[in-house]
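This report concerns only the one structure given below.
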Amino acid sequence: TTPIATTTNDNTPNYTFTTDEAGTITYGGSCSSATISATVGPNTVTFNTLADGTYSNCTIIVTDAATNASNTLSVQSFTIDTVAPVQSSLVVAPSITTATVALTTNEAATSAVSYGPTSSYGTTVTISGLAVTSHSGIISNLSSCGSIYHYQISTTDAANNTSTSTDSIFVTHCGGTSGGGYSAPLPNSPSSDENIPKTIMPTTKEEVAANTPTI
C-alpha cells in the first residue's frame with residue numbers, strides 16, 4: 001500500500017493498494033470514492049471530499065466475481081489540515097547591524113523571515129527550523145545606522161500550509177547596541193498556500209491469501 005501522508009492539506013487524498021484479483025471495492029468508515037472496481041496489481045483511488053480532521057476508521061474490501069471477499073484493509077490513520085498558522089505578537093527590535101525577530105503562532109510551525117532594502121527582499125533566513133509556537137531569531141550583518149529594511153514573515157505547519165505577513169519595515173539603530181530603531185506594526189492577516197503536493201510514501205505488498213482477493 002501507499003499510505004496517505006500522516007498530515008496533509010489535501011481534502012481529496014489518494015490511496016494506493018494492491019490486490020491479486022480483480023473485483024468490486026467496498027469502502028468502510030468515513031472514506032468513500034467514486035472508484036468501485038479494482039484490477040490485479042496496484043490500484044489508486046481518490047477519496048471523496050473530506051473535512052479537516054483525523055481519520056482512523058477507513059477500510060477497503062475487494063470482492064471477486066465468485067463473491068469471495070478479501071481481508072479488510074485498514075487505511076493508516078491520517079489528518080487533514082487546510083488552515084495556515086495564525087501569526088501574532090510580532091516584535092522586531094533592530095540594533096546597529098542586527099535585528100531580533102520574535103512572534104507566536106496558534107499552532108506548531110516552522111518560520112522564516114525575508115528581508116532586504118526593497119519589498120523584493122533578496123535574503124531569507126530561518127527563524128525556527130523546528131515546529132514551535134514561540135519563535136525567535138536574529139537577522140545579522142545589516143548595514144549600520146539608519147538603514148531601512150523591508151521584511152516579511154512566513155510560517156508553515158506540518159501540513160505545509162503557509163501564512164505570510166504583509167510587507168513591513170524596520171530601521172537600524174544609530175546609537176548604542178540595541179533599541180531605538182523603528183519597526184512598522186504587522187497587520188495580522190496571514191494568507192494560506194493550499195497547493196502543496198502530497199507526500200507519497202513507499203509501497204509495500206500485503207500477504208496473499210489463497211482463493212480470496214488480498215489487498
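Every chain in the C-alpha cells has a letter given in the order shown (A, B, ...), and although residue numbers restart at 1 in each chain, ligands are simply numbered from 1 in the order shown.
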
Next item on the list: From a DSSP pass on the backbone, collect the residues of range 4-214 of chain A flagged as strand (DSSP E) and hand them back as a ChimeraX atom specification.
Entry: /A:7-8,14-19,23-28,37-38,41-46,53-55,59-63,73-74,78-80,87-94,99-116,123-139,148-156,162-164,168-171,182-183

Taking only C-alpha atoms into account, produce a table as JSON lines in which each residue of range 20-110 of chain A with an atom at most 10 Å from an atom of range 7-11 of chain A appears once, together with its shortest atom pair and the distance in Å to one decimal, ordered by chain and rising number.
{"residue": "A:Thr46", "atom": "CA", "partner": "A:Asn11", "partner_atom": "CA", "distance": 9.9}
{"residue": "A:Phe47", "atom": "CA", "partner": "A:Asn11", "partner_atom": "CA", "distance": 8.4}
{"residue": "A:Asn48", "atom": "CA", "partner": "A:Asn11", "partner_atom": "CA", "distance": 8.0}
{"residue": "A:Thr49", "atom": "CA", "partner": "A:Asn11", "partner_atom": "CA", "distance": 5.4}
{"residue": "A:Leu50", "atom": "CA", "partner": "A:Asn11", "partner_atom": "CA", "distance": 5.2}
{"residue": "A:Ala51", "atom": "CA", "partner": "A:Asn11", "partner_atom": "CA", "distance": 6.5}
{"residue": "A:Asp52", "atom": "CA", "partner": "A:Asn11", "partner_atom": "CA", "distance": 7.3}
{"residue": "A:Gly53", "atom": "CA", "partner": "A:Thr7", "partner_atom": "CA", "distance": 9.7}
{"residue": "A:Thr54", "atom": "CA", "partner": "A:Thr7", "partner_atom": "CA", "distance": 8.8}
{"residue": "A:Ser77", "atom": "CA", "partner": "A:Thr7", "partner_atom": "CA", "distance": 9.3}
{"residue": "A:Phe78", "atom": "CA", "partner": "A:Thr7", "partner_atom": "CA", "distance": 5.8}
{"residue": "A:Thr79", "atom": "CA", "partner": "A:Thr7", "partner_atom": "CA", "distance": 4.7}
{"residue": "A:Ile80", "atom": "CA", "partner": "A:Thr8", "partner_atom": "CA", "distance": 5.1}
{"residue": "A:Asp81", "atom": "CA", "partner": "A:Asn9", "partner_atom": "CA", "distance": 5.0}
{"residue": "A:Thr82", "atom": "CA", "partner": "A:Asn9", "partner_atom": "CA", "distance": 4.6}
{"residue": "A:Val83", "atom": "CA", "partner": "A:Asn9", "partner_atom": "CA", "distance": 8.0}
{"residue": "A:Ala84", "atom": "CA", "partner": "A:Asn9", "partner_atom": "CA", "distance": 9.6}

Notebook entry, point to check: In Å, how far is it from CA of Pro85 in chain A to CA of Ala108 in chain A?
Noted result: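 Calculated distance between CA of Pro85 in chain A and CA of Ala108 in chain A is 7.9 Å.
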
Margin query: What's around Pro42 in chain A at 9 Å? Count only C-alpha atoms, leave out sequence neighbours fewer than 4 positions away in its own chain, and write the answer as a PyMOL selection string.
Written below: chain A and resi 1+16-19+38

Next item on the list: To one decimal in Å, tell me the separation between CA of Asn141 in chain A and CA of Val92 in chain A.
Entry: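 Computing the Euclidean distance for CA of Asn141 in chain A and CA of Val92 in chain A yields 15.4 Å.
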
Next item on the list: Please measure the separation of CA of Gly129 in chain A and CA of Ala99 in chain A, giving the value in Å to one decimal.
Entry: 18.2 Å

Item checked: Given only C-alpha atoms as the counted atoms, nearest of A:Ser140, A:Ser154, A:Thr133, A:Thr6 to Ala112 in chain A ->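 Comparing A:Ser140, A:Ser154, A:Thr133, A:Thr6 against Ala112 in chain A, the winner is A:Ser154.
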
Note to self: If we count only C-alpha atoms and set the cut-off at 12 Å, which residues sit around Ser136 in chain A, ignoring sequence neighbours fewer than 5 positions away in its own chain? Please answer as a ChimeraX atom specification.
What the structure shows: /A:89-93,99-105,110-113,125-130,153

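Distance annotation: of A:Thr12, A:Asp157, A:Ala109, A:Glu21, the residue with the minimal separation from Ser33 in chain A is A:Thr12; atom set is only C-alpha atoms.
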
Item checked: Which of A:Ile36, A:Leu142, A:Ile96, A:Val132 sits closest to Ala22 in chain A [using only C-alpha atoms] -> A:Ile36

Item checked: Spatial neighbours of Tyr149 in chain A, max dist 6 Å, only C-alpha atoms, sep filter under 5 positions, as a list in words -> Gly116, Pro117, Ile169 and Phe170 of chain A

Output file for the residues above (all heavy atoms, as a PDB file, in the first residue's frame):
ATOM      1  N   GLY A 116      15.235  42.824   3.042  1.00  0.00           N
ATOM      2  CA  GLY A 116      16.089  43.484   2.072  1.00  0.00           C
ATOM      3  C   GLY A 116      15.746  44.954   1.970  1.00  0.00           C
ATOM      4  O   GLY A 116      14.811  45.438   2.626  1.00  0.00           O
ATOM      5  N   PRO A 117      16.450  45.713   1.137  1.00  0.00           N
ATOM      6  CA  PRO A 117      16.250  47.165   1.031  1.00  0.00           C
ATOM      7  C   PRO A 117      14.938  47.546   0.353  1.00  0.00           C
ATOM      8  O   PRO A 117      14.505  48.693   0.456  1.00  0.00           O
ATOM      9  CB  PRO A 117      17.460  47.627   0.216  1.00  0.00           C
ATOM     10  CG  PRO A 117      17.882  46.415  -0.555  1.00  0.00           C
ATOM     11  CD  PRO A 117      17.594  45.247   0.327  1.00  0.00           C
ATOM     12  N   ILE A 169       8.473  47.389   7.607  1.00  0.00           N
ATOM     13  CA  ILE A 169       9.843  47.907   7.586  1.00  0.00           C
ATOM     14  C   ILE A 169      10.396  48.071   8.992  1.00  0.00           C
ATOM     15  O   ILE A 169       9.651  48.185   9.965  1.00  0.00           O
ATOM     16  CB  ILE A 169       9.944  49.259   6.845  1.00  0.00           C
ATOM     17  CG1 ILE A 169       9.136  50.341   7.590  1.00  0.00           C
ATOM     18  CG2 ILE A 169       9.512  49.136   5.407  1.00  0.00           C
ATOM     19  CD1 ILE A 169       9.380  51.743   7.051  1.00  0.00           C
ATOM     20  N   PHE A 170      11.731  48.020   9.082  1.00  0.00           N
ATOM     21  CA  PHE A 170      12.418  48.461  10.290  1.00  0.00           C
ATOM     22  C   PHE A 170      13.640  49.271   9.874  1.00  0.00           C
ATOM     23  O   PHE A 170      14.088  49.206   8.722  1.00  0.00           O
ATOM     24  CB  PHE A 170      12.809  47.285  11.202  1.00  0.00           C
ATOM     25  CG  PHE A 170      13.844  46.354  10.624  1.00  0.00           C
ATOM     26  CD1 PHE A 170      15.208  46.638  10.707  1.00  0.00           C
ATOM     27  CD2 PHE A 170      13.458  45.158  10.020  1.00  0.00           C
ATOM     28  CE1 PHE A 170      16.162  45.775  10.188  1.00  0.00           C
ATOM     29  CE2 PHE A 170      14.407  44.282   9.499  1.00  0.00           C
ATOM     30  CZ  PHE A 170      15.761  44.589   9.579  1.00  0.00           C
TER      31      PHE A 170
END

Check: Can you list, as number ranges by chain, every protein, DNA or RNA residue that comes within 10 Å of range 26-28 of chain A when you count only C-alpha atoms, leaving out same-chain residues fewer than 2 positions away?
Finding: A: 23-24, 30-33, 35-37, 47, 57-63, 69, 72-75

Those same residues - N, CA, C and O atoms - I'd like them written as a PDB file, in the first residue's frame.
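Result saved to again-v8.pdb:
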ATOM      1  N   GLY A  23     -11.943  -7.131  -8.810  1.00  0.00           N
ATOM      2  CA  GLY A  23     -13.201  -7.234  -8.073  1.00  0.00           C
ATOM      3  C   GLY A  23     -13.824  -5.884  -7.805  1.00  0.00           C
ATOM      4  O   GLY A  23     -13.397  -4.850  -8.335  1.00  0.00           O
ATOM      5  N   THR A  24     -14.851  -5.915  -6.971  1.00  0.00           N
ATOM      6  CA  THR A  24     -15.603  -4.715  -6.598  1.00  0.00           C
ATOM      7  C   THR A  24     -15.095  -4.190  -5.257  1.00  0.00           C
ATOM      8  O   THR A  24     -14.905  -4.970  -4.307  1.00  0.00           O
ATOM      9  N   SER A  30     -15.261   6.441   7.376  1.00  0.00           N
ATOM     10  CA  SER A  30     -15.563   7.792   6.895  1.00  0.00           C
ATOM     11  C   SER A  30     -15.174   8.024   5.447  1.00  0.00           C
ATOM     12  O   SER A  30     -15.504   9.065   4.881  1.00  0.00           O
ATOM     13  N   CYS A  31     -14.461   7.075   4.839  1.00  0.00           N
ATOM     14  CA  CYS A  31     -13.938   7.284   3.489  1.00  0.00           C
ATOM     15  C   CYS A  31     -14.807   6.608   2.438  1.00  0.00           C
ATOM     16  O   CYS A  31     -15.349   5.521   2.664  1.00  0.00           O
ATOM     17  N   SER A  32     -14.913   7.235   1.284  1.00  0.00           N
ATOM     18  CA  SER A  32     -15.607   6.676   0.130  1.00  0.00           C
ATOM     19  C   SER A  32     -14.912   7.195  -1.121  1.00  0.00           C
ATOM     20  O   SER A  32     -14.058   8.075  -1.053  1.00  0.00           O
ATOM     21  N   SER A  33     -15.267   6.618  -2.268  1.00  0.00           N
ATOM     22  CA  SER A  33     -14.645   7.027  -3.516  1.00  0.00           C
ATOM     23  C   SER A  33     -15.554   6.670  -4.673  1.00  0.00           C
ATOM     24  O   SER A  33     -16.377   5.746  -4.585  1.00  0.00           O
ATOM     25  N   THR A  35     -14.387   5.430  -7.301  1.00  0.00           N
ATOM     26  CA  THR A  35     -13.773   4.234  -7.878  1.00  0.00           C
ATOM     27  C   THR A  35     -14.283   3.004  -7.143  1.00  0.00           C
ATOM     28  O   THR A  35     -14.044   2.845  -5.938  1.00  0.00           O
ATOM     29  N   ILE A  36     -14.991   2.115  -7.868  1.00  0.00           N
ATOM     30  CA  ILE A  36     -15.583   0.944  -7.222  1.00  0.00           C
ATOM     31  C   ILE A  36     -15.071  -0.371  -7.809  1.00  0.00           C
ATOM     32  O   ILE A  36     -15.477  -1.446  -7.367  1.00  0.00           O
ATOM     33  N   SER A  37     -14.183  -0.312  -8.802  1.00  0.00           N
ATOM     34  CA  SER A  37     -13.636  -1.520  -9.409  1.00  0.00           C
ATOM     35  C   SER A  37     -12.130  -1.567  -9.205  1.00  0.00           C
ATOM     36  O   SER A  37     -11.435  -0.558  -9.372  1.00  0.00           O
ATOM     37  N   PHE A  47     -10.149   9.519  -2.564  1.00  0.00           N
ATOM     38  CA  PHE A  47     -11.279   9.597  -1.642  1.00  0.00           C
ATOM     39  C   PHE A  47     -12.119  10.834  -1.937  1.00  0.00           C
ATOM     40  O   PHE A  47     -11.597  11.884  -2.344  1.00  0.00           O
ATOM     41  N   ASN A  57     -10.694   5.343  10.729  1.00  0.00           N
ATOM     42  CA  ASN A  57     -11.631   4.227  10.602  1.00  0.00           C
ATOM     43  C   ASN A  57     -11.908   3.821   9.156  1.00  0.00           C
ATOM     44  O   ASN A  57     -12.842   3.073   8.884  1.00  0.00           O
ATOM     45  N   CYS A  58     -11.095   4.284   8.221  1.00  0.00           N
ATOM     46  CA  CYS A  58     -11.351   3.994   6.810  1.00  0.00           C
ATOM     47  C   CYS A  58     -10.862   2.585   6.457  1.00  0.00           C
ATOM     48  O   CYS A  58      -9.758   2.190   6.849  1.00  0.00           O
ATOM     49  N   THR A  59     -11.670   1.855   5.713  1.00  0.00           N
ATOM     50  CA  THR A  59     -11.327   0.488   5.328  1.00  0.00           C
ATOM     51  C   THR A  59     -11.669   0.241   3.860  1.00  0.00           C
ATOM     52  O   THR A  59     -12.475   0.964   3.271  1.00  0.00           O
ATOM     53  N   ILE A  60     -11.051  -0.806   3.298  1.00  0.00           N
ATOM     54  CA  ILE A  60     -11.305  -1.226   1.916  1.00  0.00           C
ATOM     55  C   ILE A  60     -11.407  -2.749   1.879  1.00  0.00           C
ATOM     56  O   ILE A  60     -10.598  -3.445   2.491  1.00  0.00           O
ATOM     57  N   ILE A  61     -12.418  -3.257   1.152  1.00  0.00           N
ATOM     58  CA  ILE A  61     -12.580  -4.687   0.897  1.00  0.00           C
ATOM     59  C   ILE A  61     -12.786  -4.868  -0.601  1.00  0.00           C
ATOM     60  O   ILE A  61     -13.490  -4.072  -1.233  1.00  0.00           O
ATOM     61  N   VAL A  62     -12.158  -5.896  -1.177  1.00  0.00           N
ATOM     62  CA  VAL A  62     -12.377  -6.235  -2.578  1.00  0.00           C
ATOM     63  C   VAL A  62     -13.089  -7.594  -2.654  1.00  0.00           C
ATOM     64  O   VAL A  62     -12.643  -8.566  -2.025  1.00  0.00           O
ATOM     65  N   THR A  63     -14.181  -7.650  -3.406  1.00  0.00           N
ATOM     66  CA  THR A  63     -14.945  -8.885  -3.586  1.00  0.00           C
ATOM     67  C   THR A  63     -14.827  -9.332  -5.034  1.00  0.00           C
ATOM     68  O   THR A  63     -15.124  -8.558  -5.952  1.00  0.00           O
ATOM     69  N   ALA A  69     -14.773 -12.449  -0.547  1.00  0.00           N
ATOM     70  CA  ALA A  69     -14.347 -11.136  -0.040  1.00  0.00           C
ATOM     71  C   ALA A  69     -12.929 -11.208   0.507  1.00  0.00           C
ATOM     72  O   ALA A  69     -12.536 -12.201   1.144  1.00  0.00           O
ATOM     73  N   THR A  72     -10.059  -7.344   5.298  1.00  0.00           N
ATOM     74  CA  THR A  72     -10.346  -5.913   5.417  1.00  0.00           C
ATOM     75  C   THR A  72      -9.040  -5.142   5.554  1.00  0.00           C
ATOM     76  O   THR A  72      -8.248  -5.401   6.460  1.00  0.00           O
ATOM     77  N   LEU A  73      -8.809  -4.231   4.624  1.00  0.00           N
ATOM     78  CA  LEU A  73      -7.603  -3.408   4.657  1.00  0.00           C
ATOM     79  C   LEU A  73      -7.920  -2.113   5.404  1.00  0.00           C
ATOM     80  O   LEU A  73      -8.791  -1.342   4.998  1.00  0.00           O
ATOM     81  N   SER A  74      -7.228  -1.883   6.507  1.00  0.00           N
ATOM     82  CA  SER A  74      -7.414  -0.651   7.276  1.00  0.00           C
ATOM     83  C   SER A  74      -6.460   0.419   6.756  1.00  0.00           C
ATOM     84  O   SER A  74      -5.241   0.197   6.685  1.00  0.00           O
ATOM     85  N   VAL A  75      -7.005   1.551   6.387  1.00  0.00           N
ATOM     86  CA  VAL A  75      -6.190   2.668   5.911  1.00  0.00           C
ATOM     87  C   VAL A  75      -5.508   3.320   7.108  1.00  0.00           C
ATOM     88  O   VAL A  75      -6.143   3.610   8.121  1.00  0.00           O
TER      89      VAL A  75
END

Notebook entry, point to check: Nearest to Ser56 in chain A: which of A:Thr124, A:Gln76, A:Ser70, A:Ser143 is it, counting only C-alpha atoms?
Noted result: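 Of all the options, A:Gln76 lies closest to Ser56 in chain A.
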